[in-house]
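Structure file final-v3.txt (compact mmCIF, C-alpha atoms) is printed below.
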# COMPACT_ATOMS: atom_id res chain seq x y z
CA MET A 231 -11.63 -18.41 9.82
CA SER A 232 -9.21 -18.50 12.75
CA SER A 233 -10.18 -17.38 16.22
CA ILE A 234 -7.74 -14.46 15.90
CA SER A 235 -9.23 -13.12 12.66
CA ALA A 236 -12.73 -13.61 14.11
CA THR A 237 -11.66 -11.35 16.96
CA TYR A 238 -11.07 -8.56 14.45
CA MET A 239 -14.29 -8.95 12.51
CA ASN A 240 -16.45 -9.56 15.58
CA HIS A 241 -15.01 -6.75 17.65
CA PRO A 242 -18.01 -5.07 19.34
CA GLU A 243 -17.13 -1.58 18.12
CA VAL A 244 -16.53 -2.75 14.56
CA ARG A 245 -19.85 -4.62 14.52
CA ALA A 246 -21.62 -1.54 15.89
CA ILE A 247 -20.03 0.65 13.20
CA ILE A 248 -21.16 -1.66 10.42
CA ASP A 249 -24.69 -2.05 11.83
CA ASP A 250 -25.01 1.72 12.16
CA LEU A 251 -23.82 2.35 8.61
CA ARG A 252 -26.08 -0.34 7.20
CA SER A 253 -29.03 1.39 8.80
CA GLN A 254 -28.08 4.46 6.76
CA ARG A 255 -27.42 2.51 3.57
CA HIS A 256 -29.88 4.54 1.47
CA HIS A 257 -27.71 7.62 2.07
CA LEU A 258 -24.44 5.94 1.18
CA GLN A 259 -24.25 6.23 -2.59
CA LEU A 260 -20.68 7.05 -3.53
CA SER A 261 -20.60 5.96 -7.14
CA ASN A 262 -22.67 5.83 -10.29
CA LEU A 263 -21.13 2.47 -11.17
CA HIS A 264 -23.14 -0.45 -9.80
CA ASP A 265 -23.50 -4.13 -10.62
CA ASP A 266 -26.52 -6.40 -10.59
CA ALA A 267 -25.44 -7.87 -7.24
CA GLY A 268 -25.97 -4.52 -5.52
CA ASN A 269 -22.32 -3.49 -5.23
CA GLN A 270 -21.06 0.00 -6.05
CA TYR A 271 -17.57 0.66 -7.33
CA VAL A 272 -14.81 3.17 -6.58
CA ASP A 273 -11.12 3.64 -7.32
CA LEU A 274 -8.86 3.43 -4.26
CA VAL A 275 -5.42 4.77 -3.29
CA MET A 276 -3.74 3.82 0.00
CA GLU A 277 -0.86 5.53 1.75
CA GLY A 278 2.21 3.78 3.07
CA GLY A 279 2.84 3.51 6.78
CA GLY A 280 4.84 0.45 7.75
CA THR A 281 3.18 -1.70 10.39
CA LEU A 282 0.46 0.95 10.75
CA GLY A 283 -0.94 -0.53 7.55
CA VAL A 284 -3.08 -2.86 9.68
CA ALA A 285 -5.38 0.15 10.03
CA LEU A 286 -6.01 0.02 6.27
CA LEU A 287 -7.59 -3.40 6.76
CA GLY A 288 -10.17 -2.03 9.19
CA TYR A 289 -11.05 0.76 6.78
CA VAL A 290 -11.34 -1.53 3.74
CA TYR A 291 -13.31 -4.12 5.73
CA VAL A 292 -15.98 -1.55 6.59
CA LEU A 293 -16.20 -0.39 2.96
CA GLU A 294 -16.66 -3.95 1.74
CA GLN A 295 -19.30 -4.65 4.38
CA LEU A 296 -21.21 -1.74 2.87
CA ASP A 297 -21.01 -3.43 -0.57
CA ILE A 298 -18.31 -1.11 -1.90
CA ARG A 299 -15.85 -2.71 -4.30
CA PHE A 300 -12.65 -1.45 -5.92
CA LEU A 301 -11.79 -0.93 -9.58
CA ARG A 302 -8.42 0.73 -10.10
CA LEU A 303 -6.04 0.41 -7.15
CA ALA A 304 -2.81 2.13 -6.13
CA GLY A 305 -0.59 2.18 -3.08
CA THR A 306 2.87 2.63 -1.69
CA SER A 307 4.70 0.38 0.79
CA ALA A 308 2.05 -0.89 3.25
CA GLY A 309 -0.58 0.53 0.90
CA SER A 310 0.93 -1.48 -1.95
CA ILE A 311 0.55 -4.71 0.06
CA VAL A 312 -3.17 -4.17 0.55
CA ALA A 313 -3.65 -2.90 -3.01
CA MET A 314 -1.96 -5.94 -4.56
CA LEU A 315 -3.83 -8.44 -2.39
CA LEU A 316 -7.13 -6.77 -3.25
CA ALA A 317 -6.19 -6.79 -6.94
CA ALA A 318 -5.00 -10.38 -7.11
CA GLY A 319 -6.99 -12.00 -4.32
CA GLY A 320 -10.07 -12.72 -6.41
CA PRO A 321 -12.58 -11.28 -8.88
CA ILE A 322 -13.37 -7.59 -8.54
CA ALA A 323 -16.91 -8.22 -7.31
CA GLN A 324 -15.71 -10.55 -4.54
CA ALA A 325 -15.13 -9.21 -1.03
CA LYS A 326 -11.56 -9.98 -0.03
CA SER A 327 -10.90 -8.12 3.22
CA GLU A 328 -11.75 -11.13 5.41
CA TRP A 329 -9.00 -13.06 3.63
CA LEU A 330 -6.62 -10.13 4.12
CA ILE A 331 -7.42 -10.03 7.84
CA GLU A 332 -6.78 -13.75 8.10
CA LYS A 333 -3.43 -13.52 6.33
CA VAL A 334 -2.08 -10.07 7.19
CA ALA A 335 -3.45 -8.99 10.56
CA THR A 336 -2.64 -12.34 12.14
CA LYS A 337 0.92 -12.41 10.72
CA ASP A 338 3.79 -11.99 13.17
CA PHE A 339 5.45 -8.93 11.63
CA TYR A 340 8.71 -9.65 13.38
CA ASP A 341 9.19 -12.49 10.90
CA PHE A 342 10.05 -9.75 8.39
CA VAL A 343 13.07 -8.80 10.48
CA ASP A 344 15.12 -11.50 8.79
CA GLY A 345 18.63 -10.29 9.47
CA ASP A 346 20.84 -12.46 11.68
CA GLN A 347 20.85 -12.32 15.48
CA HIS A 348 23.31 -9.39 15.54
CA ILE A 349 20.98 -7.33 13.36
CA GLN A 350 17.93 -8.32 15.39
CA LYS A 351 19.67 -7.37 18.63
CA PHE A 352 20.72 -4.02 17.20
CA LEU A 353 17.24 -3.22 15.86
CA GLY A 354 15.59 -4.35 19.08
CA ALA A 355 17.67 -1.81 20.96
CA ALA A 356 17.38 0.93 18.32
CA LEU A 357 13.58 0.75 18.20
CA ASP A 358 13.11 0.42 21.97
CA PRO A 359 12.76 3.90 23.57
CA ASP A 360 13.96 2.63 26.94
CA ALA A 361 17.07 1.10 25.40
CA ARG A 362 17.84 4.30 23.53
CA LYS A 363 17.58 6.34 26.70
CA ALA A 364 19.97 3.96 28.41
CA LYS A 365 22.40 4.38 25.48
CA LYS A 366 22.52 0.63 24.80
CA VAL A 367 22.42 0.93 21.02
CA ARG A 368 25.76 -0.09 19.54
CA PHE A 369 26.87 -0.38 15.92
CA SER A 370 28.56 -3.77 15.79
CA THR A 371 30.96 -4.76 13.02
CA LYS A 372 28.22 -6.97 11.57
CA VAL A 373 25.77 -4.05 11.43
CA LEU A 374 28.31 -1.82 9.75
CA ASP A 375 29.26 -4.56 7.27
CA ASP A 376 25.63 -5.09 6.27
CA LEU A 377 25.15 -1.38 5.72
CA LYS A 378 28.37 -1.19 3.70
CA ASN A 379 27.83 -4.32 1.61
CA HIS A 380 24.05 -4.55 1.30
CA TYR A 381 22.88 -0.97 2.01
CA GLY A 382 20.42 -2.35 4.55
CA LEU A 383 19.97 -4.60 7.57
CA ASN A 384 17.30 -7.13 6.60
CA PRO A 385 17.28 -9.07 3.32
CA GLY A 386 13.50 -8.84 2.99
CA GLN A 387 13.44 -12.38 1.63
CA HIS A 388 10.93 -13.62 4.19
CA PHE A 389 8.51 -10.89 3.15
CA LEU A 390 8.96 -11.70 -0.53
CA GLU A 391 8.34 -15.42 0.00
CA TRP A 392 5.32 -14.71 2.21
CA MET A 393 3.81 -12.41 -0.39
CA ARG A 394 4.41 -14.95 -3.15
CA GLU A 395 2.71 -17.65 -1.06
CA LEU A 396 -0.36 -15.48 -0.49
CA LEU A 397 -0.72 -14.74 -4.19
CA ALA A 398 -0.17 -18.41 -5.06
CA GLU A 399 -3.10 -19.30 -2.79
CA ARG A 400 -5.25 -17.39 -5.25
CA GLY A 401 -3.58 -18.89 -8.32
CA VAL A 402 -1.46 -15.82 -9.08
CA ARG A 403 2.21 -16.42 -9.86
CA SER A 404 2.71 -13.85 -12.59
CA THR A 405 1.48 -10.46 -13.70
CA ASP A 406 -0.44 -12.16 -16.49
CA ASP A 407 -2.22 -14.28 -13.84
CA MET A 408 -3.13 -11.15 -11.91
CA PHE A 409 -4.65 -9.50 -14.96
CA ALA A 410 -6.57 -12.70 -15.72
CA VAL A 411 -8.17 -12.45 -12.28
CA ARG A 412 -8.90 -8.77 -12.85
CA ALA A 413 -10.55 -9.58 -16.17
CA ILE A 414 -13.37 -11.51 -14.46
CA ALA A 415 -16.20 -9.08 -14.91
CA PRO A 416 -18.67 -8.15 -12.17
CA PRO A 417 -22.27 -9.07 -12.95
CA ARG A 418 -23.27 -6.37 -15.46
CA LEU A 419 -21.22 -3.47 -14.17
CA HIS A 420 -23.00 -0.39 -15.47
CA ASP A 421 -23.61 3.32 -15.03
CA ILE A 422 -26.93 3.66 -13.19
CA ARG A 423 -27.68 6.93 -14.97
CA SER A 424 -27.24 5.82 -18.56
CA GLY A 425 -27.38 2.03 -18.22
CA LYS A 426 -24.16 1.81 -20.25
CA GLU A 427 -22.03 -1.19 -19.32
CA CYS A 428 -18.43 -0.78 -18.21
CA THR A 429 -15.57 -2.39 -20.16
CA PRO A 430 -12.59 -4.26 -18.62
CA GLU A 431 -10.20 -1.42 -19.44
CA ARG A 432 -12.00 0.63 -16.78
CA TRP A 433 -10.67 -1.55 -13.97
CA ARG A 434 -7.35 -2.79 -15.37
CA GLN A 435 -4.95 -0.31 -13.78
CA ILE A 436 -2.97 -1.29 -10.70
CA SER A 437 -0.16 1.01 -9.54
CA VAL A 438 2.43 -0.10 -7.00
CA VAL A 439 4.80 2.82 -6.47
CA THR A 440 8.51 2.44 -5.77
CA ALA A 441 11.67 4.53 -6.10
CA ASP A 442 14.27 3.54 -8.69
CA LEU A 443 17.33 5.09 -7.05
CA THR A 444 19.68 4.16 -9.89
CA THR A 445 18.00 6.38 -12.49
CA GLY A 446 16.11 8.64 -10.07
CA THR A 447 12.72 7.49 -11.36
CA LYS A 448 9.38 7.29 -9.58
CA THR A 449 8.32 3.90 -10.87
CA ALA A 450 4.82 2.45 -11.01
CA PHE A 451 4.43 -1.29 -11.42
CA PRO A 452 3.26 -3.10 -13.45
CA ASP A 453 2.89 -0.19 -15.91
CA MET A 454 6.65 0.36 -16.13
CA ALA A 455 7.78 -3.25 -15.69
CA HIS A 456 8.77 -3.42 -19.36
CA LEU A 457 11.69 -1.09 -18.58
CA TYR A 458 13.19 -3.58 -16.12
CA TRP A 459 12.21 -7.08 -17.30
CA ASN A 460 12.36 -8.72 -20.72
CA ASP A 461 9.11 -10.60 -20.08
CA PRO A 462 7.12 -8.40 -17.68
CA GLY A 463 4.02 -10.58 -17.92
CA GLN A 464 5.89 -13.40 -16.19
CA VAL A 465 7.12 -11.31 -13.25
CA ASN A 466 5.57 -12.29 -9.94
CA PRO A 467 3.58 -9.27 -8.64
CA ALA A 468 5.08 -9.95 -5.20
CA ASP A 469 8.33 -8.53 -6.62
CA PHE A 470 6.60 -5.21 -7.27
CA VAL A 471 5.43 -5.03 -3.66
CA ARG A 472 8.86 -6.00 -2.33
CA ALA A 473 10.32 -3.10 -4.31
CA SER A 474 7.71 -0.70 -2.93
CA MET A 475 8.18 -1.58 0.75
CA SER A 476 12.00 -1.48 0.84
CA VAL A 477 12.34 0.89 3.80
CA PRO A 478 15.81 2.45 3.41
CA VAL A 479 18.44 1.02 5.79
CA PHE A 480 15.88 -1.26 7.46
CA PHE A 481 15.65 -3.53 4.38
CA TYR A 482 18.09 -4.29 1.61
CA PRO A 483 17.05 -2.42 -1.53
CA PHE A 484 15.29 -4.59 -4.09
CA ALA A 485 17.56 -5.28 -7.05
CA VAL A 486 16.83 -6.03 -10.71
CA GLU A 487 19.59 -6.98 -13.13
CA ASN A 488 19.84 -7.79 -16.85
CA LEU A 489 17.47 -5.05 -17.97
CA PRO A 490 16.22 -5.03 -21.57
CA GLU A 491 18.76 -3.53 -23.96
CA GLY A 492 18.64 -2.09 -27.44
CA GLU A 493 17.25 0.86 -29.29
CA ALA A 494 13.61 0.06 -28.43
CA ALA A 495 14.48 -0.19 -24.73
CA ARG A 496 16.30 3.17 -24.76
CA ALA A 497 13.34 4.77 -26.52
CA ALA A 498 11.00 3.35 -23.87
CA TRP A 499 13.14 4.80 -21.08
CA GLN A 500 13.04 8.22 -22.68
CA ARG A 501 9.31 8.04 -23.38
CA ASP A 502 8.09 6.52 -20.12
CA ALA A 503 10.66 7.71 -17.57
CA ASN A 504 12.22 10.80 -19.16
CA TYR A 505 15.59 9.08 -18.75
CA ARG A 506 18.11 9.58 -21.55
CA GLY A 507 21.22 7.96 -20.14
CA PRO A 508 22.67 4.50 -20.71
CA ILE A 509 20.62 1.57 -19.45
CA PRO A 510 22.20 0.51 -16.13
CA PRO A 511 23.35 -3.08 -15.59
CA LYS A 512 21.53 -3.15 -12.25
CA VAL A 513 18.79 -1.08 -10.62
CA LEU A 514 18.15 -0.69 -6.90
CA PHE A 515 14.69 0.13 -5.59
CA ALA A 516 13.86 1.74 -2.25
CA ASP A 517 10.56 2.38 -0.50
CA GLY A 518 8.21 4.30 -2.78
CA GLY A 519 7.38 6.63 0.09
CA SER A 520 10.63 8.46 -0.59
CA MET A 521 9.02 9.78 -3.78
CA SER A 522 5.26 9.40 -3.34
CA ASN A 523 3.80 7.87 -0.20
CA PHE A 524 0.17 8.67 -1.11
CA PRO A 525 0.06 8.31 -4.90
CA LEU A 526 -3.33 9.81 -5.75
CA SER A 527 -1.74 11.25 -8.87
CA MET A 528 -1.31 7.74 -10.32
CA LEU A 529 -5.07 7.25 -10.70
CA TYR A 530 -6.18 10.83 -11.17
CA GLN A 531 -7.84 11.59 -14.48
CA LYS A 532 -7.87 15.25 -15.46
CA ASN A 533 -11.25 15.13 -17.13
CA GLY A 534 -12.59 12.19 -15.14
CA ASN A 535 -15.08 9.61 -16.27
CA GLY A 536 -17.76 10.90 -13.90
CA ASP A 537 -18.73 7.33 -13.08
CA ALA A 538 -16.68 6.36 -10.04
CA PRO A 539 -14.99 8.54 -7.45
CA LEU A 540 -11.33 8.33 -6.53
CA LEU A 541 -11.08 7.52 -2.83
CA GLY A 542 -7.93 7.85 -0.75
CA ILE A 543 -6.91 6.51 2.66
CA GLN A 544 -4.17 8.27 4.60
CA ILE A 545 -2.47 6.81 7.65
CA GLY A 546 -1.99 9.12 10.61
CA THR A 547 -1.64 12.26 8.49
CA SER A 548 -4.13 15.01 9.21
CA ARG A 549 -2.12 18.27 8.90
CA ASP A 550 -4.14 19.78 11.75
CA SER A 551 -1.17 20.39 14.04
CA TYR A 552 2.49 21.32 13.72
CA GLN A 553 5.55 19.21 14.42
CA ALA A 554 7.66 20.37 17.33
CA CYS A 555 11.33 20.67 16.34
CA ASP A 556 12.65 21.00 19.89
CA SER A 557 15.37 18.36 19.59
CA PHE A 558 17.62 17.06 16.85
CA GLY A 559 15.65 13.80 16.70
CA ASN A 560 12.35 15.64 16.31
CA TYR A 561 13.92 17.99 13.77
CA ALA A 562 15.28 15.09 11.71
CA GLY A 563 11.94 13.27 11.89
CA ALA A 564 10.05 16.39 10.83
CA MET A 565 12.43 16.95 7.93
CA LEU A 566 12.03 13.37 6.71
CA SER A 567 8.23 13.37 6.99
CA SER A 568 8.02 16.75 5.26
CA MET A 569 10.10 15.54 2.33
CA MET A 570 8.00 12.39 2.03
CA ALA A 571 4.70 14.30 2.16
CA PHE A 572 5.54 17.35 0.06
CA TYR A 573 4.71 16.05 -3.42
CA ASP A 574 1.48 14.31 -2.44
CA ASN A 575 0.24 17.20 -0.32
CA ASP A 576 1.04 19.64 -3.11
CA PHE A 577 -1.00 17.47 -5.48
CA LEU A 578 -4.00 17.69 -3.12
CA VAL A 579 -3.60 21.47 -2.90
CA GLN A 580 -3.69 21.64 -6.70
CA HIS A 581 -6.77 19.39 -6.80
CA PRO A 582 -9.00 20.45 -3.90
CA GLU A 583 -11.92 18.55 -5.42
CA LEU A 584 -10.26 15.34 -4.24
CA GLN A 585 -9.92 16.36 -0.60
CA PRO A 586 -13.49 15.43 0.49
CA PHE A 587 -12.81 11.89 -0.78
CA VAL A 588 -9.72 11.33 1.36
CA GLY A 589 -10.18 9.60 4.71
CA VAL A 590 -7.57 9.91 7.45
CA ILE A 591 -6.89 7.21 10.04
CA ASP A 592 -5.76 8.43 13.44
CA THR A 593 -3.08 5.89 14.37
CA GLY A 594 -2.23 7.42 17.73
CA ASN A 595 1.30 7.02 19.04
CA TYR A 596 2.15 3.74 17.34
CA ASN A 597 5.57 3.48 15.70
CA TRP A 598 5.43 2.64 11.99
CA LEU A 599 8.58 0.51 12.37
CA ASP A 600 7.34 -1.48 15.37
CA PHE A 601 7.57 -4.95 13.85
CA SER A 602 7.13 -6.44 17.33
CA ILE A 603 3.73 -4.77 17.77
CA SER A 604 1.42 -6.78 20.00
CA GLU A 605 -1.81 -8.45 18.91
CA GLU A 606 -3.65 -5.91 21.07
CA GLY A 607 -1.92 -3.10 19.21
CA LYS A 608 -2.78 -4.52 15.80
CA LEU A 609 -6.40 -4.96 16.84
CA ASP A 610 -6.52 -1.36 18.07
CA LEU A 611 -5.16 -0.13 14.74
CA PHE A 612 -7.77 -2.20 12.91
CA VAL A 613 -10.54 -0.62 14.99
CA ARG A 614 -9.09 2.83 14.36
CA GLY A 615 -9.30 2.11 10.63
CA ALA A 616 -12.95 1.09 11.00
CA ARG A 617 -13.71 4.32 12.89
CA ALA A 618 -12.08 6.37 10.16
CA ALA A 619 -14.15 4.61 7.49
CA GLN A 620 -17.32 5.40 9.42
CA ALA A 621 -16.36 9.07 9.76
CA PHE A 622 -15.57 9.25 6.05
CA LEU A 623 -18.81 7.61 4.91
CA GLU A 624 -20.93 9.79 7.17
CA ASN A 625 -19.26 13.00 5.98
CA VAL A 626 -18.83 12.35 2.26
CA ARG A 627 -22.53 12.34 1.36

structure tokens encoding of this file:
Amino acid sequence: MSSISATYMNHPEVRAIIDDLRSQRHHLQLSNLHDDAGNQYVDLVMEGGGTLGVALLGYVYVLEQLDIRFLRLAGTSAGSIVAMLLAAGGPIAQAKSEWLIEKVATKDFYDFVDGDQHIQKFLGAALDPDARKAKKVRFSTKVLDDLKNHYGLNPGQHFLEWMRELLAERGVRSTDDMFAVRAIAPPRLHDIRSGKECTPERWRQISVVTADLTTGTKTAFPDMAHLYWNDPGQVNPADFVRASMSVPVFFYPFAVENLPEGEAARAAWQRDANYRGPIPPKVLFADGGSMSNFPLSMLYQKNGNGDAPLLGIQIGTSRDSYQACDSFGNYAGAMLSSMMAFYDNDFLVQHPELQPFVGVIDTGNYNWLDFSISEEGKLDLFVRGARAAQAFLENVR
């Protein structure tokens, strides 16, 4: 453990939160699914939020410290990063958030801004409020060329390689490897009411949500990987996450070429994506938040198993105040956030029984695209996530 990651886990407020919750452990039964090691199991969905995703780590860390583990997982963008690392980082019964803190919270996010110096200069000015006020933001020829030729400013290659390296640390280089890790059963996972043991199919599903702009499809990986790859089991799961976090304009869209062809492939497109057109030679993916930033619907079961609750973590979204539209910038921001949130909020309205199981992290005034966020800022977001987990656990009983 590095000194930086120890700073997160040993933060006085975080330690106090965990100690307080442990003193109330006998009240904190969320699930009927337990194992013989004393863990209880839930399904988990995490919202996207750019660099604000550090707050998810604080939330998940508190849950794991209370012996809560995760079966099915889903997420978009930043939520997809955490979901995939939890899914592939080790056996289901193993706590993994300390590893995530070590690898994610201590990462210099500005490494992901991997455009050339012209792009970095432009983005530095565009994301700096003081620079914007001074009207120093200029579209150089290089910026315009990247937007014209690549539809984005940063290749996203550094992120993809970083994600592949993290998964490789845990022996995962393919989707088949990930499912092999997921197949390692917890010690006698069972329903405490009936004593019936749980089968591997109960925890198999992982859903990383992205937007296939070419066919207009909300795509969930790995479930729909067979539409895009001839051998989906050999696809590195890092590719799924790269597709999910492709913030429009900021990153190049993620591209897949040489899609499966033939009658069976066309039938699969119609069956699984309601797409009846010709199979495109190339598909471009953008950030899944453009279609579903909080994909509770991916794991929702109409009848439910009654054995494990579906938990959700939202980032900075509470719907307890309105958005002021007193300038064009605020108006445009409100329009974008409303479009991103509409489908997922409508789903919660239609399923009010899920609302008590959704925790909301207050992320303050942090900018979700602040890739130069300070270590102090990341630590504060982590603590905010821990606070939100405490509030959730104390209110959900």

Checklist entry - Could you pull the residues within 7 Å of A:Leu301, counting only C-alpha atoms, minus those fewer than 3 positions along the same chain, as JSON, numbers by chain? => result {"A": [271, 272, 273, 322, 433]}

Item to check | Test item: residues at most 9 Å from A:Val439, only C-alpha atoms, excluding those fewer than 3 positions along its chain, as an MDAnalysis selection string | outcome: chainID A and resid 304:307 310 448:451 470:471 473:474 517:519 521:523 525 528

Go ahead and write the selection's residues with C-alpha atoms as an mmCIF file, in the coordinates of the input.
data_model
loop_
_atom_site.group_PDB
_atom_site.id
_atom_site.type_symbol
_atom_site.label_atom_id
_atom_site.label_comp_id
_atom_site.auth_asym_id
_atom_site.auth_seq_id
_atom_site.Cartn_x
_atom_site.Cartn_y
_atom_site.Cartn_z
ATOM 1 C CA ALA A 304 -2.810 2.130 -6.130
ATOM 2 C CA GLY A 305 -0.590 2.180 -3.080
ATOM 3 C CA THR A 306 2.870 2.630 -1.690
ATOM 4 C CA SER A 307 4.700 0.380 0.790
ATOM 5 C CA SER A 310 0.930 -1.480 -1.950
ATOM 6 C CA LYS A 448 9.380 7.290 -9.580
ATOM 7 C CA THR A 449 8.320 3.900 -10.870
ATOM 8 C CA ALA A 450 4.820 2.450 -11.010
ATOM 9 C CA PHE A 451 4.430 -1.290 -11.420
ATOM 10 C CA PHE A 470 6.600 -5.210 -7.270
ATOM 11 C CA VAL A 471 5.430 -5.030 -3.660
ATOM 12 C CA ALA A 473 10.320 -3.100 -4.310
ATOM 13 C CA SER A 474 7.710 -0.700 -2.930
ATOM 14 C CA ASP A 517 10.560 2.380 -0.500
ATOM 15 C CA GLY A 518 8.210 4.300 -2.780
ATOM 16 C CA GLY A 519 7.380 6.630 0.090
ATOM 17 C CA MET A 521 9.020 9.780 -3.780
ATOM 18 C CA SER A 522 5.260 9.400 -3.340
ATOM 19 C CA ASN A 523 3.800 7.870 -0.200
ATOM 20 C CA PRO A 525 0.060 8.310 -4.900
ATOM 21 C CA MET A 528 -1.310 7.740 -10.320
#

Checklist entry - With only C-alpha atoms as the atoms that count, which of A:Leu489, A:Lys426, A:Ala335, A:Asp265 lies nearest to A:Gly283? => result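 When distances to A:Gly283 are compared using only C-alpha atoms, the smallest one comes from A:Ala335.
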
Checklist entry - By how many Å are atom CA of A:Gly386 and atom CA of A:Asp469 apart? => result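 Atom-to-atom, atom CA of A:Gly386 and atom CA of A:Asp469 are spaced 10.9 Å apart.
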
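Using all atoms listed in the file, the shortest contact distance between A:Glu624 and any of A:Ala317, A:Phe601, A:Ala455, A:Phe587 is found at A:Phe587.
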
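The coordinates place atom CA of A:Ala398 at 20.6 Å from atom CA of A:Ser235.
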
Next on the checklist: Please list as number ranges by chain every residue within 7 Å of stretch 405-415 of chain A, counting all atoms listed in the file and excluding residues in the same chain fewer than 3 positions away.
Outcome noted: A: 317-318, 320-322, 402, 430, 434, 463-467
